[in-house]
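Structure first, then comments.
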Amino acid sequence: MQSKLKKVFSSKEGVLFVIFVLIFILMSILSPHKFLSNYNIQSLAYQLPEFGILSLSMMLIIMTGGINLSLTFTATLSMIVGGLAMSSSFESTGMAFLSVLIGVVIMLLVSAVLGMFNGLVVSYIGVTPMLATLGASTLFEGISLNITKGGAISGFPFMFLNIGNSAILGIPVPMIIFIVVLVYMWILLEKSRMGAAIVMIGCNPKVAEYSGIRVKKILFQTYIISGILAGIAGIIMASRYNSAKESYGSSYLLQSVAASVLGGTNISGGEGKVLGTLLAAMILQIISSGLNIFGLNRYLTNVLMGFILILVLAINFITDYLKKNK
Amino acid sequence: MATPLIEIDHISKFFPGVKALQDVSFSIETGEIHALIGENGAGKSTLIKILSGIYQPEPGGIIRMEGEQLSHLDPLTSLHHGIVVIYQDFSLFPNLSVLENITLGRFVKRGRKLVDYKEMRKVASKSLEQLGVEIDLDTSLGDLSVARQQLVAIARALANNAKLLILDEPTSSLSSSEVDKLFEIMRSLKSRGISLLFISHKLDELFAISDRFSILRDGRYIGTYGENELDDDQLIALMVGRQINYTIYPKRYLDDPLLEVQHLTKKGNYKDINFTLHKGEILGITGLVGAGRTEVVKSIFGLNSSDEGSILFEGKEITIKNPTDAMTSGIAFIPENRLSEGLVLRKSMRENLALTILESLSNSFGLIDQSEREKIVKEWVARLEIRPDNPDLLAAKLSGGNQQRVVIAKWLATEPKILIVDEPTNGIDVGAKAEIHKLLRSLAETGLGVIVVSSELPEILSICDRVVVMRRGRVTADLHCEGLNQEDIMSKAI
Amino acid sequence: MFKKLRKVKELPLIIVLVVISIFIAIVNPSFLTVENFLDLLKSNLVLAMMALGMLLILLTGGIDVSAASVITAVNVILGQTLMHVTQNILFAIVVACAAGIIMGLINGLLISMLKIPPIVATLGTMSMILGIVLYTTNGNWITGIPQNFIDFGRIVILPRTLADGRVIGIPIQVVFLIPIIVLTWFVLRHTVIGRGIYAMGGNIESAERMGFKTKRIIIFVYSLEGFIIGLSAVAHTSIMRQVDPNAFLGFEMQVIAAVVLGGASTLGGYGSVLGTLIGVSIFSVINNGMILMRIPTFWQKIAVGLIIISSISVDMIQKQKEEKMKVCVDVEGEELYAV
């Protein structure tokens, strides 16, 4: 029993969990009234899902040995196109439910198509993921700006706002969506054939190909999944902000890489855990919201995020180095 | 007797849990071709790394050059003393010109800050001239054939004023005419007073070129012998510590066709290839490296689609566009390079073993049946006697022979009807080789059709029932192995 | 002569540039005026300088996504120095370069000593640097740059008065661009460390075996890039005459895109100064052409994205074709290929 406990706490996820608890306690002690307030806990629960889902999406691509720099623009372009469809159909028909349905379906479809585009360029044409998604991010941003002309899309039916702002049995809807995504991702990576293939492709695509894995097809599908996850995050964001704009969530791009890496995903591919990324996302989330409560300038929060990312990698390097020299 | 060029004096090297080298002492004379021989893991590469300054020997070990002790070698000082290693990958730069590949090191070595293209040109042409080869200095190295890249690597060593040239398996990817050319160059270097330390697994080559042999076994120094002091059998006996002979398995005549290859052609690869593999048969495909053997079998497995011709499986024509198609027809392929193509080294034995059967292990939702996987993995680990038998172990931690077993196991798990093995015992210890041979043979007994691609004629003669010989992209002979000898095959291959 | 020209790897790029230019010139003849050319030069000079810095990084197999935030930070430092410390232009330039070098050095140290992958390390520093800049400026513009610096930025070389009384000429900022071109060319072509940059991009292990100190090369390269960014900041501020902390948002993507368009590989080892300059030119000509053709600015991003993806895609497809056609075996009865 004791050794089992020890094993749990010496695993990467265990360490992350301890860090999370420590920071949580620290924040609570420093600001028991604000940090532990019902309001703050609620807002944490509403904020975490969009970031968490984007982080999982990023982790998935990093596991294949790539990176998705177009992640946040995938989310915003799909919310803009879907949002436009939603608000215009609402305006012309006045039917809220139908418009919301149309909007959400289009958001998901667009995100799938954008993921498909990345997948096509990366897997079938063979462009390195960094460049392909770099180009895609500029492209998606450009298309978004062309649609919004720099403004925001709004005029959504009130019903749409429920997705991001209401709760069922006291559990925020975004959180429910997030839990579904978490379970899906866990099954995908830990239990499914595709997950096993993704891991091996991330380690050594040639061996995978020589073992009869359809590497291109799997990569292609992975980018589609990544795109759809971004789309889901986009839906939550659009609903929470009651509008759609190309710059929403742009700070999540770096943070999602940070959460993946912090969560133990190997930046060169082949390793990654849903639980690790979840815990890392939670850590980053409470840090930023905690600092916000203490009145720290939001720009300084960015500084801290960058610092944490580098610090974690530096610690990884030093512990590896010490282990090797032992 | 003159002072030897290099004296290796009581050199040891220990790694955690492994004594890689124990008290090795021998010397290399000026202007000799000295062969370093040993099985995999005998300590050859550790010794090279000590000579080239990558590893430091344990205290007490001394390396002397021309009588003077070299204290604390690092890669740079080693180069400085004229000890140059040509690794199997040559350590060249595909994106730089031949000119720079040959001469850049000189500038680094001398701590120069600026490059002088005129001087470079002079040095490079001089060293190519010394080798007696002509290569355009401005060509990008990546555009050259492997053999010519190797020449560039040697030219670079000359430009670095090499006194001792260490060649690590230099013939492994050369055709026989290229090997001859290389040997000619090695002899001419020797006549210039350059010493060569030559590492190879191919005994005929070792005997053809070496003046003396030093043998390592399990990290220990066994002895140094002159070229006439040993024959093949004695040498092998010293290497492995026991006399080994390949078992010659009884040859069989089988006539139930499993796979028929007809008029298979691919431009720049092979032309008009015809052969038949029968049920329960081991068919050898041999020929010199570069004869197109691997290209043919890769086409059969869907990794290198052919231009023309047809492949028949149990009498019916099949189309193979990718490995999945091949696997559907029950074809399995074990590539030559285990480490880069066969195994994911940083994943467990379990994950490697299950990689080929993900499809059959999973249900219609794509979810893997974990207990079924565990069962199959355990079963194959036991059947192929993979040691250690812990499926959690990373593939990287296994010995070469056991890694090969994992690769074979992962393909047998697909329940193939045809098993294609490219160089099944490449880089495997002599002892483990016989085990792999026995395994392949017993697989054939169960009715599997096996294709063995190999350059090692004794291996072909030991296990194959029939052999197809290729030369320059064509089949030159299709022979039954009963009563066949190496010369019969060689005459068709050259 | 013709043969020699064929050997120039940048030839296809040059052709693309010429074709695009001809197309734009036909649609709008004002493209071909000296005035437009000078405008083009002035507005893309900073991009060109930054691209040369990024080229150095890409050659080693690295990437620097913090470049845009570094130039923003240097701009702010430069502005503050000029306004509050000294009006001495030379001193300000030294400060800017030093600031750039320090930030580059930090990137270089993180990547070489702590072995943090370049994309992650520079993402981290990007976030930190930009955060600090936005915190200190609160996102507000810095105006009130001293007049002497503004006057300096307005100097034109070889001035000529137009019929309508305006004076045009080569902008003074080329005194930053040209030395940088010469410097990067000289470093890459004629210094041992420069060849080491290519060598490590081609095969890092071999480079180390050959005796190159790759850690030092990485530190050198990121510092040199920092220096170049420092000078770019001087050029930029002297053109804009004020500092906008948000001016370079997403600019790193454009810089990388231009370098890649110029034939550099993100995997390292391939790319040249000439190619990069042509890449920048293609980029700026397209942007300029869109303005001349009155295409809304939003389209420019789309064009940039499409150019990046399509140019690399074409390259990859070409390579795959070559790979397929590659002769592995000298087959008897087939015509011989020279190797």
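Note on naming: chains are A, B, ... as they come in the structure tokens, residues start from 1 per chain, ligands start from 1 in the order shown.
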- Write out as a PyMOL selection string all residues of stretch 124-202 of chain A that backbone DSSP assigns to strand (DSSP E). chain A and resi 167-168+171-172
At most 12 Å is the cut-off: for each residue in chain A with any atom that close to an atom of chain B, write down the nearest atom pair and the distance in Å rounded to one decimal, counting only C-alpha atoms, chain first then increasing number, as CSV.
residue,atom,partner,partner_atom,distance
A:Tyr184,CA,B:Leu367,CA,11.7
A:Trp186,CA,B:Leu367,CA,11.6
A:Ile187,CA,B:Leu367,CA,8.0
A:Leu188,CA,B:Leu367,CA,8.1
A:Leu189,CA,B:Leu367,CA,10.0
A:Glu190,CA,B:Ile368,CA,9.1
A:Lys191,CA,B:Leu367,CA,5.7
A:Ser192,CA,B:Leu367,CA,4.1
A:Arg193,CA,B:Gly366,CA,5.5
A:Met194,CA,B:Gly366,CA,7.2
A:Gly195,CA,B:Leu367,CA,9.3
A:Ala196,CA,B:Leu355,CA,7.7
A:Ala197,CA,B:Leu355,CA,7.4
A:Ile198,CA,B:Leu355,CA,10.8
A:Val199,CA,B:Lys347,CA,9.1
A:Met200,CA,B:Val344,CA,7.0
A:Ile201,CA,B:Val344,CA,9.2
A:Gly202,CA,B:Val344,CA,9.9
A:Cys203,CA,B:Val344,CA,6.6
A:Asn204,CA,B:Val344,CA,6.2
A:Pro205,CA,B:Glu341,CA,9.0
A:Lys206,CA,B:Glu341,CA,5.9
A:Val207,CA,B:Glu341,CA,4.6
A:Ala208,CA,B:Leu355,CA,7.6
A:Glu209,CA,B:Pro323,CA,7.6
A:Tyr210,CA,B:Glu341,CA,6.7
A:Ser211,CA,B:Thr356,CA,5.3
A:Gly212,CA,B:Pro323,CA,4.9
A:Ile213,CA,B:Thr324,CA,7.3
A:Arg214,CA,B:Thr324,CA,7.4
A:Val215,CA,B:Pro323,CA,10.8
A:Lys216,CA,B:Asn322,CA,11.5
A:Lys217,CA,B:Thr324,CA,11.9
A:Gly269,CA,B:Arg346,CA,11.4
A:Gly270,CA,B:Lys347,CA,8.9
A:Glu271,CA,B:Lys347,CA,9.7
A:Lys324,CA,B:Pro16,CA,10.9
A:Asn325,CA,B:Pro16,CA,10.8
A:Lys326,CA,B:Pro16,CA,9.7
Write to file, as a short mmCIF file (atom, residue, chain, number, x, y, z; two decimals), in the first residue's frame, the residues of the selection just made, with N, CA, C and O atoms.
data_model
loop_
_atom_site.label_atom_id
_atom_site.label_comp_id
_atom_site.auth_asym_id
_atom_site.auth_seq_id
_atom_site.Cartn_x
_atom_site.Cartn_y
_atom_site.Cartn_z
N TYR A 184 -13.14 11.12 -23.75
CA TYR A 184 -12.90 10.73 -25.13
C TYR A 184 -11.40 10.63 -25.42
O TYR A 184 -10.92 9.66 -25.98
N TRP A 186 -8.98 10.30 -23.33
CA TRP A 186 -8.32 9.24 -22.56
C TRP A 186 -8.53 7.89 -23.25
O TRP A 186 -7.60 7.12 -23.42
N ILE A 187 -9.77 7.67 -23.69
CA ILE A 187 -10.04 6.41 -24.39
C ILE A 187 -9.22 6.35 -25.68
O ILE A 187 -8.59 5.34 -26.00
N LEU A 188 -9.21 7.47 -26.39
CA LEU A 188 -8.48 7.51 -27.66
C LEU A 188 -7.01 7.14 -27.46
O LEU A 188 -6.47 6.30 -28.17
N LEU A 189 -6.38 7.76 -26.48
CA LEU A 189 -4.94 7.58 -26.35
C LEU A 189 -4.56 6.32 -25.58
O LEU A 189 -3.55 5.70 -25.86
N GLU A 190 -5.37 5.95 -24.61
CA GLU A 190 -4.97 4.82 -23.77
C GLU A 190 -5.57 3.50 -24.22
O GLU A 190 -5.01 2.43 -23.95
N LYS A 191 -6.71 3.56 -24.84
CA LYS A 191 -7.43 2.31 -25.09
C LYS A 191 -7.59 1.98 -26.57
O LYS A 191 -7.98 0.86 -26.89
N SER A 192 -7.41 2.95 -27.44
CA SER A 192 -7.79 2.67 -28.82
C SER A 192 -6.60 2.33 -29.69
O SER A 192 -5.46 2.62 -29.38
N ARG A 193 -6.93 1.71 -30.79
CA ARG A 193 -5.97 1.34 -31.82
C ARG A 193 -5.28 2.60 -32.36
O ARG A 193 -4.10 2.65 -32.55
N MET A 194 -6.11 3.62 -32.58
CA MET A 194 -5.56 4.84 -33.16
C MET A 194 -4.54 5.47 -32.22
O MET A 194 -3.49 5.94 -32.64
N GLY A 195 -4.87 5.47 -30.92
CA GLY A 195 -3.94 6.04 -29.95
C GLY A 195 -2.61 5.32 -29.95
O GLY A 195 -1.54 5.94 -29.96
N ALA A 196 -2.68 4.00 -29.98
CA ALA A 196 -1.44 3.21 -30.01
C ALA A 196 -0.63 3.57 -31.25
O ALA A 196 0.60 3.71 -31.19
N ALA A 197 -1.34 3.74 -32.37
CA ALA A 197 -0.64 4.08 -33.61
C ALA A 197 -0.03 5.47 -33.51
O ALA A 197 1.11 5.69 -33.92
N ILE A 198 -0.77 6.43 -32.94
CA ILE A 198 -0.26 7.80 -32.81
C ILE A 198 1.05 7.82 -32.02
O ILE A 198 2.02 8.45 -32.41
N VAL A 199 1.05 7.08 -30.92
CA VAL A 199 2.25 7.04 -30.07
C VAL A 199 3.45 6.50 -30.86
O VAL A 199 4.54 7.08 -30.83
N MET A 200 3.23 5.41 -31.59
CA MET A 200 4.34 4.83 -32.32
C MET A 200 4.78 5.72 -33.49
O MET A 200 5.96 5.83 -33.78
N ILE A 201 3.82 6.36 -34.15
CA ILE A 201 4.18 7.28 -35.23
C ILE A 201 5.01 8.43 -34.66
O ILE A 201 5.99 8.85 -35.26
N GLY A 202 4.62 8.90 -33.50
CA GLY A 202 5.36 10.00 -32.87
C GLY A 202 6.79 9.62 -32.55
O GLY A 202 7.68 10.45 -32.59
N CYS A 203 7.00 8.35 -32.24
CA CYS A 203 8.37 7.89 -31.94
C CYS A 203 9.16 7.66 -33.22
O CYS A 203 10.31 8.08 -33.32
N ASN A 204 8.57 6.95 -34.14
CA ASN A 204 9.31 6.56 -35.32
C ASN A 204 8.35 6.21 -36.45
O ASN A 204 7.88 5.09 -36.56
N PRO A 205 8.05 7.22 -37.29
CA PRO A 205 7.05 7.01 -38.34
C PRO A 205 7.43 5.89 -39.32
O PRO A 205 6.58 5.21 -39.85
N LYS A 206 8.73 5.69 -39.50
CA LYS A 206 9.15 4.68 -40.47
C LYS A 206 8.81 3.28 -39.97
O LYS A 206 8.30 2.46 -40.72
N VAL A 207 9.11 3.04 -38.69
CA VAL A 207 8.79 1.73 -38.13
C VAL A 207 7.28 1.50 -38.23
O VAL A 207 6.84 0.42 -38.60
N ALA A 208 6.52 2.53 -37.93
CA ALA A 208 5.07 2.40 -38.00
C ALA A 208 4.64 2.04 -39.41
O ALA A 208 3.84 1.12 -39.62
N GLU A 209 5.20 2.74 -40.38
CA GLU A 209 4.83 2.46 -41.77
C GLU A 209 5.22 1.04 -42.15
O GLU A 209 4.45 0.32 -42.77
N TYR A 210 6.42 0.64 -41.75
CA TYR A 210 6.90 -0.70 -42.06
C TYR A 210 6.12 -1.77 -41.31
O TYR A 210 6.25 -2.95 -41.60
N SER A 211 5.34 -1.37 -40.32
CA SER A 211 4.55 -2.34 -39.59
C SER A 211 3.10 -2.34 -40.07
O SER A 211 2.23 -2.87 -39.42
N GLY A 212 2.88 -1.72 -41.20
CA GLY A 212 1.56 -1.75 -41.79
C GLY A 212 0.59 -0.72 -41.26
O GLY A 212 -0.59 -0.77 -41.55
N ILE A 213 1.09 0.24 -40.47
CA ILE A 213 0.23 1.33 -40.02
C ILE A 213 0.11 2.33 -41.16
O ILE A 213 1.10 2.69 -41.79
N ARG A 214 -1.10 2.78 -41.41
CA ARG A 214 -1.26 3.78 -42.47
C ARG A 214 -0.95 5.15 -41.87
O ARG A 214 -1.85 5.88 -41.43
N VAL A 215 0.32 5.47 -41.91
CA VAL A 215 0.80 6.65 -41.20
C VAL A 215 0.10 7.93 -41.69
O VAL A 215 -0.38 8.74 -40.90
N LYS A 216 0.02 8.08 -43.00
CA LYS A 216 -0.57 9.31 -43.54
C LYS A 216 -2.02 9.46 -43.12
O LYS A 216 -2.45 10.54 -42.71
N LYS A 217 -2.75 8.35 -43.21
CA LYS A 217 -4.17 8.40 -42.88
C LYS A 217 -4.35 8.78 -41.40
O LYS A 217 -5.18 9.63 -41.06
N GLY A 269 7.59 14.21 -29.64
CA GLY A 269 6.59 13.22 -30.01
C GLY A 269 6.68 11.90 -29.29
O GLY A 269 7.68 11.58 -28.66
N GLY A 270 5.60 11.14 -29.38
CA GLY A 270 5.61 9.77 -28.87
C GLY A 270 5.20 9.58 -27.43
O GLY A 270 5.03 8.45 -26.99
N GLU A 271 5.06 10.65 -26.68
CA GLU A 271 4.67 10.51 -25.28
C GLU A 271 3.72 11.63 -24.88
O GLU A 271 3.95 12.78 -25.24
N LYS A 324 21.69 11.14 -15.09
CA LYS A 324 22.69 10.56 -15.98
C LYS A 324 24.05 10.48 -15.30
O LYS A 324 24.80 9.53 -15.49
N ASN A 325 24.36 11.50 -14.52
CA ASN A 325 25.69 11.54 -13.92
C ASN A 325 25.81 10.69 -12.66
O ASN A 325 26.88 10.60 -12.08
N LYS A 326 24.68 10.12 -12.24
CA LYS A 326 24.70 9.35 -11.00
C LYS A 326 25.41 8.03 -11.21
O LYS A 326 25.42 7.30 -11.97
#
Each residue of chain A lying at most 7 Å from chain C should get a row with its shortest atom-to-atom pair and the distance in Å to one decimal, counting only C-alpha atoms; could you produce that, ordered by chain and increasing number, as a tab-separated table?
residue	atom	partner	partner_atom	distance
A:Ile125	CA	C:Ser313	CA	6.2
A:Gly126	CA	C:Met316	CA	6.4
A:Val127	CA	C:Ser313	CA	6.2
A:Ala132	CA	C:Ile309	CA	5.9
A:Leu134	CA	C:Met253	CA	7.0
A:Gly135	CA	C:Gly305	CA	4.4
A:Ala136	CA	C:Gly305	CA	5.9
A:Thr138	CA	C:Gly305	CA	4.9
A:Leu139	CA	C:Gly305	CA	4.3
A:Gly142	CA	C:Lys301	CA	4.6
A:Ile143	CA	C:Ile302	CA	6.3
A:Leu145	CA	C:Phe298	CA	5.9
A:Asn146	CA	C:Phe298	CA	5.4
A:Leu254	CA	C:Leu123	CA	6.5
A:Tyr299	CA	C:Gly131	CA	4.6
A:Leu300	CA	C:Gly131	CA	5.6
A:Asn302	CA	C:Gly131	CA	5.3
A:Val303	CA	C:Met128	CA	3.8
A:Leu304	CA	C:Met128	CA	6.9
A:Gly306	CA	C:Gly124	CA	4.1
A:Phe307	CA	C:Gly124	CA	6.5
A:Leu309	CA	C:Gly124	CA	6.2
A:Ile310	CA	C:Gly124	CA	6.1
A:Leu313	CA	C:Ile116	CA	6.4
A:Ala314	CA	C:Leu114	CA	5.9
A:Phe317	CA	C:Leu114	CA	6.1
Would you save the residues of that selection, restricted to N, CA and C atoms, as a short mmCIF file (atom, residue, chain, number, x, y, z; two decimals), in the first residue's frame?
data_model
loop_
_atom_site.label_atom_id
_atom_site.label_comp_id
_atom_site.auth_asym_id
_atom_site.auth_seq_id
_atom_site.Cartn_x
_atom_site.Cartn_y
_atom_site.Cartn_z
N ILE A 125 1.12 15.93 -48.21
CA ILE A 125 2.14 16.68 -48.96
C ILE A 125 3.49 16.58 -48.26
N GLY A 126 3.48 16.43 -46.96
CA GLY A 126 4.73 16.19 -46.25
C GLY A 126 5.45 17.44 -45.79
N VAL A 127 4.72 18.55 -45.67
CA VAL A 127 5.32 19.78 -45.17
C VAL A 127 5.52 19.64 -43.64
N ALA A 132 3.65 24.25 -41.91
CA ALA A 132 2.30 24.10 -42.46
C ALA A 132 1.32 24.86 -41.59
N LEU A 134 1.99 27.16 -39.38
CA LEU A 134 2.34 28.58 -39.37
C LEU A 134 1.65 29.29 -40.53
N GLY A 135 1.79 28.69 -41.71
CA GLY A 135 1.11 29.24 -42.88
C GLY A 135 -0.39 29.25 -42.66
N ALA A 136 -0.90 28.13 -42.14
CA ALA A 136 -2.34 28.02 -41.93
C ALA A 136 -2.83 29.08 -40.95
N THR A 138 -1.68 32.09 -40.42
CA THR A 138 -1.79 33.37 -41.12
C THR A 138 -3.00 33.37 -42.04
N LEU A 139 -3.16 32.25 -42.73
CA LEU A 139 -4.27 32.12 -43.67
C LEU A 139 -5.61 32.21 -42.95
N GLY A 142 -6.26 35.62 -41.73
CA GLY A 142 -6.62 36.48 -42.85
C GLY A 142 -8.09 36.30 -43.25
N ILE A 143 -8.50 35.05 -43.34
CA ILE A 143 -9.89 34.78 -43.72
C ILE A 143 -10.84 35.35 -42.66
N LEU A 145 -10.33 37.83 -40.62
CA LEU A 145 -10.36 39.29 -40.69
C LEU A 145 -11.18 39.75 -41.89
N ASN A 146 -11.09 38.98 -42.97
CA ASN A 146 -11.84 39.33 -44.15
C ASN A 146 -13.34 39.27 -43.90
N LEU A 254 0.37 29.78 -26.86
CA LEU A 254 1.57 29.48 -26.10
C LEU A 254 1.23 28.63 -24.88
N TYR A 299 -0.52 41.52 -18.03
CA TYR A 299 0.69 41.35 -18.85
C TYR A 299 1.76 40.62 -18.06
N LEU A 300 1.83 40.91 -16.76
CA LEU A 300 2.84 40.22 -15.95
C LEU A 300 2.50 38.74 -15.81
N ASN A 302 1.45 36.99 -18.23
CA ASN A 302 2.12 36.43 -19.42
C ASN A 302 3.59 36.17 -19.15
N VAL A 303 4.21 37.14 -18.50
CA VAL A 303 5.63 36.99 -18.19
C VAL A 303 5.83 35.73 -17.35
N LEU A 304 4.96 35.60 -16.37
CA LEU A 304 5.09 34.46 -15.48
C LEU A 304 4.88 33.13 -16.21
N GLY A 306 5.47 32.46 -19.37
CA GLY A 306 6.69 32.18 -20.12
C GLY A 306 7.77 31.66 -19.20
N PHE A 307 7.85 32.27 -18.04
CA PHE A 307 8.87 31.88 -17.08
C PHE A 307 8.65 30.45 -16.60
N LEU A 309 7.10 28.03 -18.13
CA LEU A 309 7.40 27.10 -19.22
C LEU A 309 8.89 26.80 -19.26
N ILE A 310 9.69 27.86 -19.24
CA ILE A 310 11.14 27.69 -19.33
C ILE A 310 11.68 27.02 -18.07
N LEU A 313 11.11 23.24 -18.13
CA LEU A 313 12.04 22.55 -19.02
C LEU A 313 13.44 22.57 -18.46
N ALA A 314 13.80 23.66 -17.81
CA ALA A 314 15.12 23.73 -17.21
C ALA A 314 15.25 22.69 -16.09
N PHE A 317 15.64 19.34 -17.54
CA PHE A 317 17.00 19.14 -18.04
C PHE A 317 17.95 18.82 -16.90
#
- Message: When you look at B:Leu73 with a cut-off of 6 Å (counting only C-alpha atoms), what residues show up, excluding the ones that are within fewer than 3 positions of it in the same chain? I need them as JSON, numbers by chain.
- Response: {"B": [53, 77, 78]}
- Message: Should the cut-off be 8 Å, what would the residue list for chain B against chain C look like, counting only C-alpha atoms, as a PyMOL selection string?
- Response: chain B and resi 75-76+91-96+104-105+107-109+112-116+143-145+267-271+290-292+472-474
Those same residues, written as a PDB file, in the first residue's frame with C-alpha atoms?
ATOM      1  CA  PRO B  75      38.002  14.393 -29.963  1.00  0.00           C
ATOM      2  CA  LEU B  76      39.952  17.456 -31.031  1.00  0.00           C
ATOM      3  CA  SER B  91      30.025  12.024 -40.598  1.00  0.00           C
ATOM      4  CA  LEU B  92      29.779  14.136 -43.696  1.00  0.00           C
ATOM      5  CA  PHE B  93      27.526  17.068 -44.498  1.00  0.00           C
ATOM      6  CA  PRO B  94      24.989  16.443 -47.273  1.00  0.00           C
ATOM      7  CA  ASN B  95      24.294  20.150 -47.644  1.00  0.00           C
ATOM      8  CA  LEU B  96      27.901  21.219 -48.146  1.00  0.00           C
ATOM      9  CA  LEU B 104      36.511  22.337 -43.401  1.00  0.00           C
ATOM     10  CA  GLY B 105      37.838  20.186 -40.570  1.00  0.00           C
ATOM     11  CA  PHE B 107      40.299  24.982 -40.608  1.00  0.00           C
ATOM     12  CA  VAL B 108      38.458  24.095 -37.431  1.00  0.00           C
ATOM     13  CA  LYS B 109      41.369  22.039 -36.222  1.00  0.00           C
ATOM     14  CA  ARG B 112      41.282  29.450 -38.014  1.00  0.00           C
ATOM     15  CA  LYS B 113      38.662  32.150 -38.048  1.00  0.00           C
ATOM     16  CA  LEU B 114      38.277  32.640 -41.781  1.00  0.00           C
ATOM     17  CA  VAL B 115      37.971  30.218 -44.635  1.00  0.00           C
ATOM     18  CA  ASP B 116      40.243  30.514 -47.639  1.00  0.00           C
ATOM     19  CA  ASP B 143      24.196  14.244 -54.752  1.00  0.00           C
ATOM     20  CA  LEU B 144      26.964  11.631 -54.633  1.00  0.00           C
ATOM     21  CA  SER B 145      26.609   7.860 -54.385  1.00  0.00           C
ATOM     22  CA  LYS B 267      12.877   1.536 -63.612  1.00  0.00           C
ATOM     23  CA  GLY B 268      16.137   2.201 -61.856  1.00  0.00           C
ATOM     24  CA  ASN B 269      15.508  -0.680 -59.470  1.00  0.00           C
ATOM     25  CA  TYR B 270      15.147  -4.048 -61.209  1.00  0.00           C
ATOM     26  CA  LYS B 271      13.965  -5.565 -64.446  1.00  0.00           C
ATOM     27  CA  GLY B 290      23.229  -2.984 -54.929  1.00  0.00           C
ATOM     28  CA  ALA B 291      21.925  -5.823 -57.089  1.00  0.00           C
ATOM     29  CA  GLY B 292      18.328  -4.816 -56.384  1.00  0.00           C
ATOM     30  CA  ARG B 472      22.492  -5.587 -61.655  1.00  0.00           C
ATOM     31  CA  GLY B 473      18.741  -5.609 -61.206  1.00  0.00           C
ATOM     32  CA  ARG B 474      18.102  -8.942 -62.899  1.00  0.00           C
TER      33      ARG B 474
END
- Message: When you look at A:Ser88 with a cut-off of 10 Å (counting only C-alpha atoms), what residues show up, excluding the ones that are within fewer than 2 positions of it in the same chain? I need them as an NGL selection string.
- Response: :A and (82-86 or 90-94 or 99 or 103 or 154-156)
- Task: Taking the chain letters and numbering used in this document, name the residues of stretch 149-219 of chain A that DSSP puts in helix (DSSP H, G or I), as a PyMOL selection string.
- Result: chain A and resi 158-165+173-191+193-203+205-210+215-219
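Excluding B:Gly132 and any residue on its chain fewer than 6 positions from it, the residues at most 12 Å away by only C-alpha atoms are Ser125, Lys126, Leu151, Val152, Ile154, Ala155, Lys181, Leu182, Glu184, Ile185, Met186, Ser188 and Leu189 of chain B.
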Residues just named, written with N, CA and C atoms as a compact mmCIF listing (two decimals), in the first residue's frame:
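again.txt, written as the output of this step:
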# COMPACT_ATOMS: atom_id res chain seq x y z
N SER B 125 41.99 19.18 -53.86
CA SER B 125 42.38 18.47 -55.08
C SER B 125 43.60 17.59 -54.83
N LYS B 126 44.46 18.08 -53.93
CA LYS B 126 45.63 17.25 -53.63
C LYS B 126 45.22 15.93 -53.00
N LEU B 151 34.67 7.92 -50.33
CA LEU B 151 35.95 8.42 -50.82
C LEU B 151 36.19 9.85 -50.33
N VAL B 152 35.13 10.62 -50.31
CA VAL B 152 35.26 11.99 -49.80
C VAL B 152 35.70 11.95 -48.33
N ILE B 154 37.44 9.67 -46.89
CA ILE B 154 38.85 9.30 -46.83
C ILE B 154 39.73 10.48 -47.24
N ALA B 155 39.28 11.18 -48.28
CA ALA B 155 40.03 12.36 -48.72
C ALA B 155 40.12 13.37 -47.59
N LYS B 181 37.93 -1.28 -55.31
CA LYS B 181 38.51 0.06 -55.46
C LYS B 181 38.97 0.58 -54.09
N LEU B 182 38.12 0.34 -53.09
CA LEU B 182 38.46 0.80 -51.74
C LEU B 182 39.74 0.12 -51.25
N GLU B 184 42.12 -1.09 -53.00
CA GLU B 184 43.24 -0.54 -53.76
C GLU B 184 43.72 0.75 -53.09
N ILE B 185 42.74 1.57 -52.73
CA ILE B 185 43.08 2.84 -52.07
C ILE B 185 43.71 2.59 -50.71
N MET B 186 43.18 1.61 -49.98
CA MET B 186 43.74 1.31 -48.67
C MET B 186 45.21 0.88 -48.81
N SER B 188 47.24 1.73 -51.18
CA SER B 188 48.10 2.84 -51.56
C SER B 188 48.35 3.77 -50.36
N LEU B 189 47.35 3.88 -49.48
CA LEU B 189 47.56 4.68 -48.27
C LEU B 189 48.63 4.04 -47.40
